[in-house]
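Shown next: work36.tsv, given as TSV, C-alpha atoms and all ligand atoms.
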```
chain	number	residue	atom	x	y	z
T	1	MET	CA	81.86	96.66	131.58
T	2	SER	CA	81.03	93.49	133.53
T	3	ALA	CA	80.37	90.20	131.76
T	4	SER	CA	76.65	90.53	132.49
T	5	GLN	CA	76.57	93.89	130.61
T	6	SER	CA	78.54	92.71	127.53
T	7	PRO	CA	76.57	92.65	124.31
T	8	GLN	CA	75.42	89.17	123.37
T	9	PRO	CA	77.97	87.56	121.04
T	10	THR	CA	76.65	86.63	117.61
T	11	PRO	CA	77.78	83.70	115.44
T	12	ASP	CA	77.83	85.78	112.23
T	13	ALA	CA	81.59	86.15	111.86
T	14	ILE	CA	82.16	82.48	112.71
T	15	MET	CA	79.65	81.27	110.14
T	16	GLN	CA	80.91	83.66	107.48
T	17	LEU	CA	84.48	82.44	107.88
T	18	GLY	CA	83.58	78.79	108.40
T	19	LEU	CA	81.56	78.63	105.19
T	20	GLY	CA	83.77	81.07	103.32
T	21	PHE	CA	84.80	78.28	100.94
T	22	TRP	CA	81.30	78.38	99.38
T	23	GLY	CA	81.91	81.84	97.99
T	24	SER	CA	85.55	81.13	97.24
T	25	LYS	CA	84.78	78.01	95.18
T	26	THR	CA	81.97	79.81	93.33
T	27	LEU	CA	84.47	82.46	92.18
T	28	LEU	CA	87.13	79.84	91.35
T	29	SER	CA	84.64	77.86	89.21
T	30	ALA	CA	83.68	81.07	87.37
T	31	CYS	CA	87.39	81.61	86.61
T	32	GLU	CA	87.82	77.99	85.54
T	33	LEU	CA	84.91	78.35	83.10
T	34	GLY	CA	86.23	81.65	81.72
T	35	LEU	CA	83.03	83.50	82.60
T	36	PHE	CA	84.66	86.92	83.08
T	37	SER	CA	86.61	86.66	79.80
T	38	GLU	CA	83.37	85.89	77.93
T	39	LEU	CA	81.56	88.82	79.56
T	40	ALA	CA	84.40	91.20	78.64
T	41	ALA	CA	82.80	91.43	75.17
T	42	GLY	CA	79.54	92.66	76.72
T	43	PRO	CA	76.61	91.64	78.96
T	44	LEU	CA	74.78	88.35	78.34
T	45	GLY	CA	71.50	86.87	79.53
T	46	LEU	CA	70.86	83.72	81.54
T	47	GLU	CA	70.05	81.55	78.53
T	48	GLN	CA	73.06	82.65	76.50
T	49	LEU	CA	75.41	82.04	79.43
T	50	SER	CA	73.79	78.67	80.21
T	51	GLU	CA	74.29	77.59	76.63
T	52	ARG	CA	77.87	78.85	76.27
T	53	PHE	CA	79.05	77.29	79.52
T	54	ARG	CA	76.75	74.24	79.41
T	55	LEU	CA	75.25	75.12	82.81
T	56	HIS	CA	72.43	72.93	84.12
T	57	PRO	CA	69.11	74.81	84.52
T	58	ARG	CA	69.02	73.85	88.19
T	59	ALA	CA	72.40	75.55	88.80
T	60	ALA	CA	72.73	78.44	86.36
T	61	ARG	CA	70.59	81.13	87.97
T	62	ASP	CA	71.83	80.55	91.51
T	63	PHE	CA	75.46	80.48	90.31
T	64	LEU	CA	75.18	83.79	88.45
T	65	ASP	CA	73.07	85.54	91.08
T	66	ALA	CA	75.43	84.36	93.84
T	67	LEU	CA	78.26	86.05	91.92
T	68	VAL	CA	76.12	89.22	91.77
T	69	ALA	CA	75.50	89.06	95.54
T	70	LEU	CA	79.23	88.47	96.12
T	71	GLY	CA	80.06	91.62	94.13
T	72	MET	CA	81.80	89.75	91.27
T	73	LEU	CA	79.11	90.40	88.60
T	74	ALA	CA	76.61	93.19	87.95
T	75	ARG	CA	73.07	92.52	86.71
T	76	GLU	CA	70.94	94.96	84.78
T	77	GLY	CA	67.48	93.73	83.88
T	78	ASP	CA	68.04	90.09	83.00
T	79	ARG	CA	71.59	90.51	81.68
T	80	TYR	CA	74.82	89.82	83.54
T	81	ALA	CA	77.97	91.96	83.20
T	82	ASN	CA	81.48	92.17	84.65
T	83	THR	CA	82.16	94.70	87.41
T	84	ALA	CA	84.98	97.19	86.79
T	85	ALA	CA	87.31	95.01	88.91
T	86	THR	CA	86.43	91.63	87.37
T	87	ASP	CA	86.68	93.15	83.88
T	88	THR	CA	90.17	94.52	84.60
T	89	PHE	CA	91.62	91.59	86.52
T	90	LEU	CA	89.76	88.45	85.38
T	91	ASP	CA	89.58	88.85	81.59
T	92	ARG	CA	92.25	86.51	80.19
T	93	ALA	CA	92.81	88.78	77.18
T	94	LYS	CA	93.98	91.76	79.28
T	95	PRO	CA	97.58	92.30	80.48
T	96	THR	CA	96.17	93.07	83.94
T	97	TYR	CA	94.80	89.49	84.24
T	98	ILE	CA	95.53	87.98	87.67
T	99	GLY	CA	93.29	84.94	87.30
T	100	GLY	CA	96.27	82.65	86.67
T	101	MET	CA	96.70	82.58	90.43
T	102	LEU	CA	93.02	81.72	90.92
T	103	GLU	CA	93.14	79.05	88.21
T	104	MET	CA	96.02	77.50	90.09
T	105	ALA	CA	94.13	77.85	93.38
T	106	ASN	CA	91.16	76.06	91.81
T	107	ALA	CA	93.10	73.24	90.16
T	108	ARG	CA	95.66	72.59	92.90
T	109	LEU	CA	95.39	74.50	96.18
T	110	TYR	CA	91.68	73.89	96.72
T	111	PRO	CA	91.99	70.08	96.80
T	112	PHE	CA	95.34	70.16	98.62
T	113	TRP	CA	94.02	72.43	101.39
T	114	GLY	CA	91.42	69.69	102.04
T	115	SER	CA	94.27	67.84	103.77
T	116	LEU	CA	95.25	70.76	106.01
T	117	THR	CA	94.49	68.84	109.22
T	118	GLU	CA	96.86	66.08	108.14
T	119	ALA	CA	99.53	68.70	107.39
T	120	LEU	CA	98.99	70.25	110.83
T	121	ARG	CA	99.59	66.87	112.46
T	122	THR	CA	102.48	65.64	110.33
T	123	GLY	CA	104.20	68.85	109.18
T	124	GLU	CA	104.31	67.23	105.72
T	125	LEU	CA	103.42	68.91	102.41
T	126	GLN	CA	100.15	67.85	100.78
T	127	ASN	CA	100.61	68.60	97.05
T	128	GLU	CA	101.83	66.52	94.06
T	129	ALA	CA	105.04	65.73	95.96
T	130	LYS	CA	103.15	64.02	98.83
T	131	GLY	CA	104.53	60.54	99.45
T	132	GLY	CA	107.61	61.11	97.33
T	133	GLY	CA	105.96	62.31	94.10
T	134	GLN	CA	107.47	64.96	91.84
T	135	SER	CA	108.25	68.27	93.61
T	136	PHE	CA	106.05	71.29	92.85
T	137	PHE	CA	108.58	73.11	90.65
T	138	ALA	CA	109.57	69.87	88.83
T	139	ALA	CA	105.90	69.01	88.07
T	140	LEU	CA	105.21	72.55	86.98
T	141	TYR	CA	108.25	72.92	84.77
T	142	ALA	CA	107.69	69.59	83.00
T	143	ASP	CA	104.60	71.02	81.28
T	144	PRO	CA	105.21	74.20	79.21
T	145	ALA	CA	101.58	75.39	79.39
T	146	ARG	CA	101.48	75.05	83.19
T	147	LEU	CA	104.87	76.72	83.46
T	148	GLU	CA	103.74	79.72	81.45
T	149	GLY	CA	100.48	79.93	83.42
T	150	PHE	CA	102.36	79.90	86.74
T	151	LEU	CA	104.91	82.52	85.65
T	152	LYS	CA	102.11	84.81	84.43
T	153	ALA	CA	100.23	84.22	87.68
T	154	MET	CA	103.31	85.49	89.54
T	155	THR	CA	103.28	88.72	87.49
T	156	GLY	CA	99.64	89.34	88.43
T	157	LEU	CA	100.22	88.51	92.07
T	158	SER	CA	103.28	90.75	92.40
T	159	LEU	CA	102.30	93.68	90.17
T	160	GLY	CA	101.16	95.94	93.03
T	161	ALA	CA	104.28	95.25	95.10
T	162	ALA	CA	106.54	95.69	92.04
T	163	ARG	CA	105.03	99.11	91.29
T	164	ALA	CA	105.35	100.13	94.94
T	165	ILE	CA	109.03	99.10	94.96
T	166	ALA	CA	109.62	101.04	91.73
T	167	GLU	CA	108.13	104.09	93.48
T	168	LYS	CA	109.40	103.82	97.07
T	169	PHE	CA	112.99	102.56	96.78
T	170	PRO	CA	115.71	105.23	96.09
T	171	TRP	CA	116.66	103.86	92.65
T	172	SER	CA	118.42	107.11	91.64
T	173	LYS	CA	121.38	106.05	93.85
T	174	TYR	CA	122.01	102.87	91.83
T	175	ARG	CA	122.69	101.83	88.22
T	176	THR	CA	122.16	98.06	88.01
T	177	PHE	CA	119.86	95.48	89.62
T	178	VAL	CA	119.13	91.75	89.48
T	179	ASP	CA	115.77	90.16	90.31
T	180	VAL	CA	116.43	86.67	91.69
T	181	GLY	CA	113.69	84.09	90.92
T	182	THR	CA	112.23	86.61	88.50
T	183	ALA	CA	109.53	84.41	86.86
T	184	GLN	CA	108.09	86.37	83.89
T	185	GLY	CA	110.01	89.49	84.89
T	186	GLY	CA	107.13	91.44	86.45
T	187	LEU	CA	109.37	93.36	88.85
T	188	PRO	CA	112.24	94.21	86.45
T	189	VAL	CA	109.73	95.52	83.91
T	190	GLN	CA	108.04	97.85	86.41
T	191	VAL	CA	111.36	99.10	87.79
T	192	ALA	CA	112.89	99.64	84.32
T	193	LEU	CA	109.76	101.44	83.03
T	194	ALA	CA	109.87	103.87	85.96
T	195	HIS	CA	113.68	104.45	85.92
T	196	PRO	CA	115.23	104.82	82.44
T	197	HIS	CA	118.79	105.13	83.85
T	198	LEU	CA	118.76	101.52	85.17
T	199	THR	CA	119.81	98.29	83.49
T	200	GLY	CA	118.78	95.00	85.04
T	201	ALA	CA	118.66	91.23	84.87
T	202	GLY	CA	116.18	88.53	85.73
T	203	PHE	CA	117.81	85.40	87.21
T	204	ASP	CA	115.85	82.12	87.16
T	205	LEU	CA	116.01	78.49	86.08
T	206	PRO	CA	116.95	78.18	82.36
T	207	VAL	CA	113.49	76.89	81.35
T	208	VAL	CA	111.99	80.27	82.36
T	209	GLY	CA	114.12	82.21	79.82
T	210	PRO	CA	111.77	82.34	76.80
T	211	VAL	CA	108.77	83.44	78.91
T	212	PHE	CA	110.85	86.24	80.47
T	213	GLU	CA	112.24	87.36	77.11
T	214	ASP	CA	108.78	87.48	75.46
T	215	TYR	CA	107.39	89.62	78.27
T	216	VAL	CA	110.37	92.00	78.30
T	217	ARG	CA	110.18	92.37	74.50
T	218	ALA	CA	106.43	93.06	74.67
T	219	ASN	CA	107.25	95.91	77.08
T	220	GLY	CA	109.96	97.31	74.77
T	221	LEU	CA	112.75	96.74	77.32
T	222	SER	CA	115.01	94.14	75.64
T	223	GLU	CA	117.85	96.68	75.44
T	224	ARG	CA	117.96	97.17	79.20
T	225	LEU	CA	116.75	93.88	80.71
T	226	GLN	CA	118.58	90.60	80.24
T	227	PHE	CA	117.78	87.02	81.29
T	228	ARG	CA	120.47	85.23	83.34
T	229	PRO	CA	119.90	81.45	83.58
T	230	GLY	CA	120.96	79.52	86.66
T	231	SER	CA	119.99	77.97	89.99
T	232	PHE	CA	120.37	80.04	93.12
T	233	PHE	CA	121.45	76.93	95.04
T	234	GLU	CA	124.09	75.75	92.58
T	235	ASP	CA	125.32	78.99	90.98
T	236	PRO	CA	126.40	82.39	92.29
T	237	ILE	CA	123.81	85.17	92.05
T	238	PRO	CA	124.89	87.60	89.27
T	239	GLY	CA	126.49	90.77	90.63
T	240	ALA	CA	124.54	94.09	90.66
T	241	ASP	CA	124.13	97.26	92.76
T	242	VAL	CA	120.73	96.02	93.99
T	243	VAL	CA	119.61	92.39	94.50
T	244	VAL	CA	115.85	91.74	94.77
T	245	MET	CA	114.10	88.55	95.96
T	246	GLY	CA	110.30	88.61	95.67
T	247	HIS	CA	108.34	85.70	97.17
T	248	ILE	CA	111.52	83.65	97.26
T	249	LEU	CA	112.62	83.43	100.90
T	250	HIS	CA	109.25	82.06	102.05
T	251	ASP	CA	109.59	79.02	99.76
T	252	TRP	CA	112.53	77.62	101.72
T	253	ASP	CA	113.50	76.39	105.20
T	254	LEU	CA	115.61	78.42	107.62
T	255	GLU	CA	118.96	77.03	106.50
T	256	GLU	CA	118.09	77.67	102.83
T	257	LYS	CA	116.84	81.18	103.65
T	258	ARG	CA	120.15	81.95	105.36
T	259	LEU	CA	122.07	80.57	102.36
T	260	LEU	CA	120.08	82.74	99.92
T	261	ILE	CA	120.63	85.86	102.05
T	262	ALA	CA	124.38	85.09	102.21
T	263	LYS	CA	124.45	84.68	98.42
T	264	ALA	CA	122.71	88.03	97.98
T	265	TYR	CA	125.40	89.58	100.21
T	266	ASP	CA	128.17	88.05	98.08
T	267	ALA	CA	126.59	89.39	94.87
T	268	LEU	CA	126.63	93.02	96.09
T	269	PRO	CA	129.40	95.64	96.10
T	270	GLU	CA	130.04	97.72	99.27
T	271	GLY	CA	127.08	100.12	99.56
T	272	GLY	CA	124.84	97.83	97.48
T	273	ALA	CA	121.29	97.10	98.60
T	274	PHE	CA	119.26	93.92	99.14
T	275	ILE	CA	115.45	94.02	98.90
T	276	ALA	CA	113.38	91.00	99.98
T	277	PHE	CA	109.60	91.20	99.71
T	278	ASP	CA	106.84	88.85	100.79
T	279	ALA	CA	103.55	88.98	102.70
T	280	VAL	CA	105.71	89.81	105.74
T	281	ILE	CA	103.99	88.90	109.03
T	282	ASP	CA	103.69	91.65	111.67
T	283	ASP	CA	106.13	91.19	114.53
T	284	GLU	CA	103.32	90.46	117.03
T	285	ARG	CA	101.95	87.77	114.67
T	286	ARG	CA	98.35	88.88	115.17
T	287	GLU	CA	97.44	91.25	112.29
T	288	ASN	CA	98.57	90.05	108.86
T	289	ALA	CA	96.19	87.11	108.43
T	290	PHE	CA	97.14	86.81	104.73
T	291	GLY	CA	100.83	86.42	105.65
T	292	LEU	CA	100.03	83.80	108.28
T	293	LEU	CA	97.77	81.87	105.88
T	294	MET	CA	100.45	82.15	103.19
T	295	SER	CA	102.77	80.44	105.64
T	296	LEU	CA	100.25	77.59	106.00
T	297	ASN	CA	100.16	77.51	102.20
T	298	MET	CA	103.92	76.96	102.29
T	299	LEU	CA	103.26	74.05	104.70
T	300	ILE	CA	100.93	72.55	102.06
T	301	GLU	CA	103.29	73.28	99.14
T	302	THR	CA	106.90	72.91	100.28
T	303	PRO	CA	109.04	70.60	102.44
T	304	GLY	CA	110.24	73.37	104.77
T	305	GLY	CA	109.07	76.82	103.60
T	306	PHE	CA	107.45	79.36	105.93
T	307	ASP	CA	106.63	83.05	105.99
T	308	TYR	CA	108.32	85.28	108.54
T	309	THR	CA	108.08	88.55	110.44
T	310	GLY	CA	110.01	91.71	109.60
T	311	ALA	CA	112.01	91.25	112.83
T	312	ASP	CA	112.96	87.68	111.80
T	313	CYS	CA	114.25	88.84	108.42
T	314	VAL	CA	116.10	91.86	109.81
T	315	ALA	CA	117.90	89.51	112.24
T	316	TRP	CA	118.90	87.07	109.46
T	317	MET	CA	120.16	89.94	107.30
T	318	ARG	CA	122.26	91.36	110.16
T	319	GLU	CA	123.71	87.90	110.85
T	320	ALA	CA	124.76	87.77	107.17
T	321	GLY	CA	126.66	91.07	107.60
T	322	PHE	CA	124.11	93.59	106.29
T	323	ARG	CA	123.63	96.91	108.07
T	324	ASP	CA	120.64	99.29	108.17
T	325	ALA	CA	118.05	96.52	107.63
T	326	ARG	CA	114.54	98.01	107.82
T	327	VAL	CA	110.96	97.02	106.99
T	328	GLU	CA	108.75	99.16	104.74
T	329	HIS	CA	105.12	98.46	103.86
T	330	LEU	CA	104.33	98.19	100.13
T	331	VAL	CA	100.68	97.40	99.33
T	332	GLY	CA	98.04	95.16	100.87
T	333	PRO	CA	99.72	92.38	102.85
T	334	ASP	CA	103.15	92.90	101.23
T	335	SER	CA	106.19	94.60	102.77
T	336	MET	CA	109.83	94.80	101.78
T	337	ILE	CA	112.90	94.45	103.96
T	338	VAL	CA	115.73	96.63	102.67
T	339	ALA	CA	119.32	96.17	103.83
T	340	THR	CA	122.65	97.75	102.86
T	341	LYS	CA	126.01	96.01	102.53
S	1	LIG	C1	107.08	82.11	94.01
S	1	LIG	S1	107.91	82.46	92.50
S	1	LIG	C2	108.25	84.17	92.71
S	1	LIG	C3	108.30	84.94	91.41
S	1	LIG	C4	108.53	86.45	91.50
S	1	LIG	N1	109.80	86.79	92.11
S	1	LIG	C5	107.39	87.15	92.20
S	1	LIG	O1	107.59	87.71	93.28
S	1	LIG	O2	106.28	87.13	91.66
S	1	LIG	C6	109.46	81.66	92.75
S	1	LIG	C7	110.43	81.76	91.59
S	1	LIG	O3	111.67	81.15	91.97
S	1	LIG	C8	112.16	80.45	90.87
S	1	LIG	N2	113.06	79.36	91.32
S	1	LIG	C9	112.74	78.23	91.98
S	1	LIG	N3	113.84	77.51	92.25
S	1	LIG	C10	114.88	78.23	91.73
S	1	LIG	C11	116.30	78.02	91.70
S	1	LIG	N4	116.84	76.94	92.25
S	1	LIG	N5	117.07	78.97	91.12
S	1	LIG	C12	116.53	80.08	90.55
S	1	LIG	N6	115.18	80.34	90.57
S	1	LIG	C13	114.38	79.41	91.15
S	1	LIG	C14	110.92	79.91	90.20
S	1	LIG	O4	111.20	79.53	88.87
S	1	LIG	C15	109.97	81.09	90.33
S	1	LIG	O5	110.10	81.96	89.24
```
What is this file in structure tokens?
Amino acid sequence: MSASQSPQPTPDAIMQLGLGFWGSKTLLSACELGLFSELAAGPLGLEQLSERFRLHPRAARDFLDALVALGMLAREGDRYANTAATDTFLDRAKPTYIGGMLEMANARLYPFWGSLTEALRTGELQNEAKGGGQSFFAALYADPARLEGFLKAMTGLSLGAARAIAEKFPWSKYRTFVDVGTAQGGLPVQVALAHPHLTGAGFDLPVVGPVFEDYVRANGLSERLQFRPGSFFEDPIPGADVVVMGHILHDWDLEEKRLLIAKAYDALPEGGAFIAFDAVIDDERRENAFGLLMSLNMLIETPGGFDYTGADCVAWMREAGFRDARVEHLVGPDSMIVATK
């Protein structure tokens, strides 16, 4: 088709993306207010919601109806209700709650991403640690409530990938595993629930211990899952047949990534397996927009972290001595790279 015959381009997609933060911030404010948790008890009308959340009359109706139009609320008559998805995933009282991630996005990432252009020019992070402030993990771990919120957010974020790994990896060939940087223990719990023959450990900074142990106990797995305190830069990774790192490698620069992969190798016996999972970028770097944006998020959040393609990770694993490194898709934007020692 010649240029003169091409359909006229429209600006729709550009405008939708360019002003996408309107819808995003509307959802994030609803999470901040706790709107979906309140509606989990049943539908409420405009006046009741305005009163409970102290919404100004000028704003209330547009806010709620915008959430209806965005597919985040349902409206029957003059009453507003959760959708099946917002009821499952955005009610704070449910174990399936993933809003911790959105609460963090609202409180931290939203303002920090406002400085993206500066980050693009300087290559410098733009969060609490900007200009020599406290690092992200130090700031987070100094406040127990924030720590718990973050660790729970990780469980929500990684639940789909953890279930897919429990299902797709050949666990019957192994007896023990360790999840490195385990947070609340979302992955060990899913793997142990699906495979009663396995025993496992969650390895993380000591301050994470009580949050891990509570979650494991609540899932009835304290007999088979143990917390191992330590730092993966200062201490060896505990030995096991399978070593897992979920959303760990992308936090660190290339030298640190290589060090972590080498430490995983040292922790494994001959024939042991290493699983790394992240929002792995496609090798052509043109499809997985979430993975590429996650990498920009690492620019905002960390001194040297970046996301990577499957080919990148396979190459680093081979350099470390692993054989049979391969990439397997999990769910959504997430894939795992599995390698054998
Ligand atoms: C992005 S979270 C990933 C959590 C989880 N693996 C997942 O996929 O949801 C990173 C984790 O690494 C842990 N971490 C950070 N620095 C660490 C260190 N030096 N040693 C051990 N764990 C560390 C954090 O406490 C946190 O639990």
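Considering all atoms listed in the file, every residue of the polymer chains approaching ligand LIG 1 (chain S) to 6 Å or closer is listed here: Met154, Thr155, Ser158, Gly181, Thr182, Ala183, Asp204, Leu205, Gly230, Ser231, Phe232, Phe233, Gly246, His247 and Ile248 of chain T.
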Edge lengths and centre in Å to one decimal, as JSON, of the axis-aligned box that encloses all listed atoms of region 158-172 of chain T with 8 Å added on every side?
```
{"center_x": 109.8, "center_y": 98.9, "center_z": 93.6, "size_x": 33.3, "size_y": 32.4, "size_z": 22.9}
```
| task | Using only C-alpha atoms, give me every residue within 10 Å of (115.1, 97.7, 76.6) in file coordinates, as a list in words. | result | Val189, Ala192, Leu193, Pro196, Thr199, Gly200, Val216, Arg217, Asn219, Gly220, Leu221, Ser222, Glu223, Arg224, Leu225 and Gln226 of chain T
Enumerate, in order of chain and increasing residue number, the residues of region 89-130 of chain T with an atom no farther than 12 Å from region 34-54 of chain T, each with its shortest atom pair and distance in Å to one decimal, counting only C-alpha atoms, as CSV.
```
residue,atom,partner,partner_atom,distance
T:Phe89,CA,T:Phe36,CA,9.1
T:Leu90,CA,T:Phe36,CA,5.8
T:Asp91,CA,T:Ser37,CA,4.1
T:Arg92,CA,T:Ser37,CA,5.7
T:Ala93,CA,T:Ser37,CA,7.1
T:Lys94,CA,T:Ser37,CA,9.0
T:Tyr97,CA,T:Ser37,CA,9.7
T:Ile98,CA,T:Phe36,CA,11.8
T:Gly99,CA,T:Gly34,CA,9.6
T:Gly100,CA,T:Gly34,CA,11.2
T:Leu102,CA,T:Gly34,CA,11.4
T:Glu103,CA,T:Gly34,CA,9.8
```
| task | Using CA of Gly23 (chain T) and CA of Ala161 (chain T) as the two end points, give the distance in Å to one decimal. | result |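 Separating CA of Gly23 (chain T) from CA of Ala161 (chain T) is a distance of 26.2 Å.
Relative to CA of Val242 (chain T), CA of Gly271 (chain T) is found at 9.4 Å.
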| Neighbour residues at most 10 Å from (83.7, 81.5, 93.6) (all atoms listed in the file) as a ChimeraX atom specification | /T:20-32,63,66-67,70,72,102,106
| field | Between CA of Val280 (chain T) and CA of Glu255 (chain T), distance in Å (one decimal) | value | 18.4 Å
| task | Measuring atom to atom with all atoms listed in the file, identify which of T:Glu319, T:His250, T:Pro303, T:Glu328 is nearest to Gly132 (chain T). | result | T:Pro303
| request: Choose the residue, out of T:Leu151, T:Ala240, T:Val180, T:Ala201, that has the smallest atom-to-atom separation from Ile261 (chain T); count all atoms listed in the file. | output: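 Closest residue, counting all atoms listed in the file: T:Val180.
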| message | Considering only C-alpha atoms, can you say which of T:Tyr141, T:Phe274, T:Phe177, T:Phe322 comes closest to Pro238 (chain T)? | response |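 That would be T:Phe177, the residue with the smallest distance to Pro238 (chain T).
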| message | Neighbouring residues of Phe227 (chain T) were defined as those with any atom within 8 Å, considering only C-alpha atoms; residues of the same chain fewer than 3 positions away were excluded. Please report them as a PyMOL selection string. | response | chain T and resi 201-204+209+212-213
| Using all atoms listed in the file, which of the listed residues (T:Gln5, T:Asn127, T:Thr340, T:Asn288) sits closest to Arg323 (chain T)? |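 Looking only at the distances to Arg323 (chain T), the closest residue turns out to be T:Thr340.
The residue that comes closest to Tyr80 (chain T), out of T:Ala60, T:Ala142, T:Met336, T:Ala218 and on the basis of all atoms listed in the file, is T:Ala60.
Take the candidates T:Val338, T:Ala129, T:Ala59, T:Ala162 and check each one against Ile275 (chain T) using all atoms listed in the file; the shortest distance goes to T:Val338.
Summary of the local environment: counting only C-alpha atoms, residues at most 8 Å from Ala320 (chain T), other than itself and those fewer than 2 positions away along its chain, are Arg258, Ile261, Ala262, Tyr265, Trp316, Met317, Arg318 and Phe322 of chain T.
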Any chance you could model N, CA and C atoms for region 221-235 of chain T and send them as a JSON list (two decimals), in the coordinates of the input?
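New file result07.json:
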```
[["chain", "number", "residue", "atom", "x", "y", "z"],
["T", 221, "LEU", "N", 111.61, 96.52, 76.40],
["T", 221, "LEU", "CA", 112.75, 96.74, 77.32],
["T", 221, "LEU", "C", 113.93, 95.80, 77.07],
["T", 222, "SER", "N", 113.95, 95.14, 75.89],
["T", 222, "SER", "CA", 115.01, 94.14, 75.64],
["T", 222, "SER", "C", 116.41, 94.74, 75.68],
["T", 223, "GLU", "N", 116.53, 96.04, 75.40],
["T", 223, "GLU", "CA", 117.85, 96.68, 75.44],
["T", 223, "GLU", "C", 118.41, 96.80, 76.85],
["T", 224, "ARG", "N", 117.50, 96.90, 77.83],
["T", 224, "ARG", "CA", 117.96, 97.17, 79.20],
["T", 224, "ARG", "C", 117.77, 96.01, 80.17],
["T", 225, "LEU", "N", 116.99, 95.01, 79.79],
["T", 225, "LEU", "CA", 116.75, 93.88, 80.71],
["T", 225, "LEU", "C", 117.18, 92.57, 80.04],
["T", 226, "GLN", "N", 117.97, 91.81, 80.78],
["T", 226, "GLN", "CA", 118.58, 90.60, 80.24],
["T", 226, "GLN", "C", 118.18, 89.41, 81.10],
["T", 227, "PHE", "N", 118.03, 88.22, 80.49],
["T", 227, "PHE", "CA", 117.78, 87.02, 81.29],
["T", 227, "PHE", "C", 119.10, 86.35, 81.65],
["T", 228, "ARG", "N", 119.27, 85.96, 82.91],
["T", 228, "ARG", "CA", 120.47, 85.23, 83.34],
["T", 228, "ARG", "C", 120.03, 83.87, 83.87],
["T", 229, "PRO", "N", 120.34, 82.77, 83.13],
["T", 229, "PRO", "CA", 119.90, 81.45, 83.58],
["T", 229, "PRO", "C", 120.78, 80.90, 84.70],
["T", 230, "GLY", "N", 120.18, 80.17, 85.61],
["T", 230, "GLY", "CA", 120.96, 79.52, 86.66],
["T", 230, "GLY", "C", 120.07, 79.08, 87.81],
["T", 231, "SER", "N", 120.70, 78.38, 88.77],
["T", 231, "SER", "CA", 119.99, 77.97, 89.99],
["T", 231, "SER", "C", 120.62, 78.69, 91.16],
["T", 232, "PHE", "N", 119.79, 79.28, 92.00],
["T", 232, "PHE", "CA", 120.37, 80.04, 93.12],
["T", 232, "PHE", "C", 120.95, 79.13, 94.21],
["T", 233, "PHE", "N", 120.77, 77.81, 94.09],
["T", 233, "PHE", "CA", 121.45, 76.93, 95.04],
["T", 233, "PHE", "C", 122.79, 76.43, 94.49],
["T", 234, "GLU", "N", 122.86, 76.30, 93.16],
["T", 234, "GLU", "CA", 124.09, 75.75, 92.58],
["T", 234, "GLU", "C", 125.03, 76.81, 92.02],
["T", 235, "ASP", "N", 124.50, 77.97, 91.65],
["T", 235, "ASP", "CA", 125.32, 78.99, 90.98],
["T", 235, "ASP", "C", 125.37, 80.25, 91.84]]
```
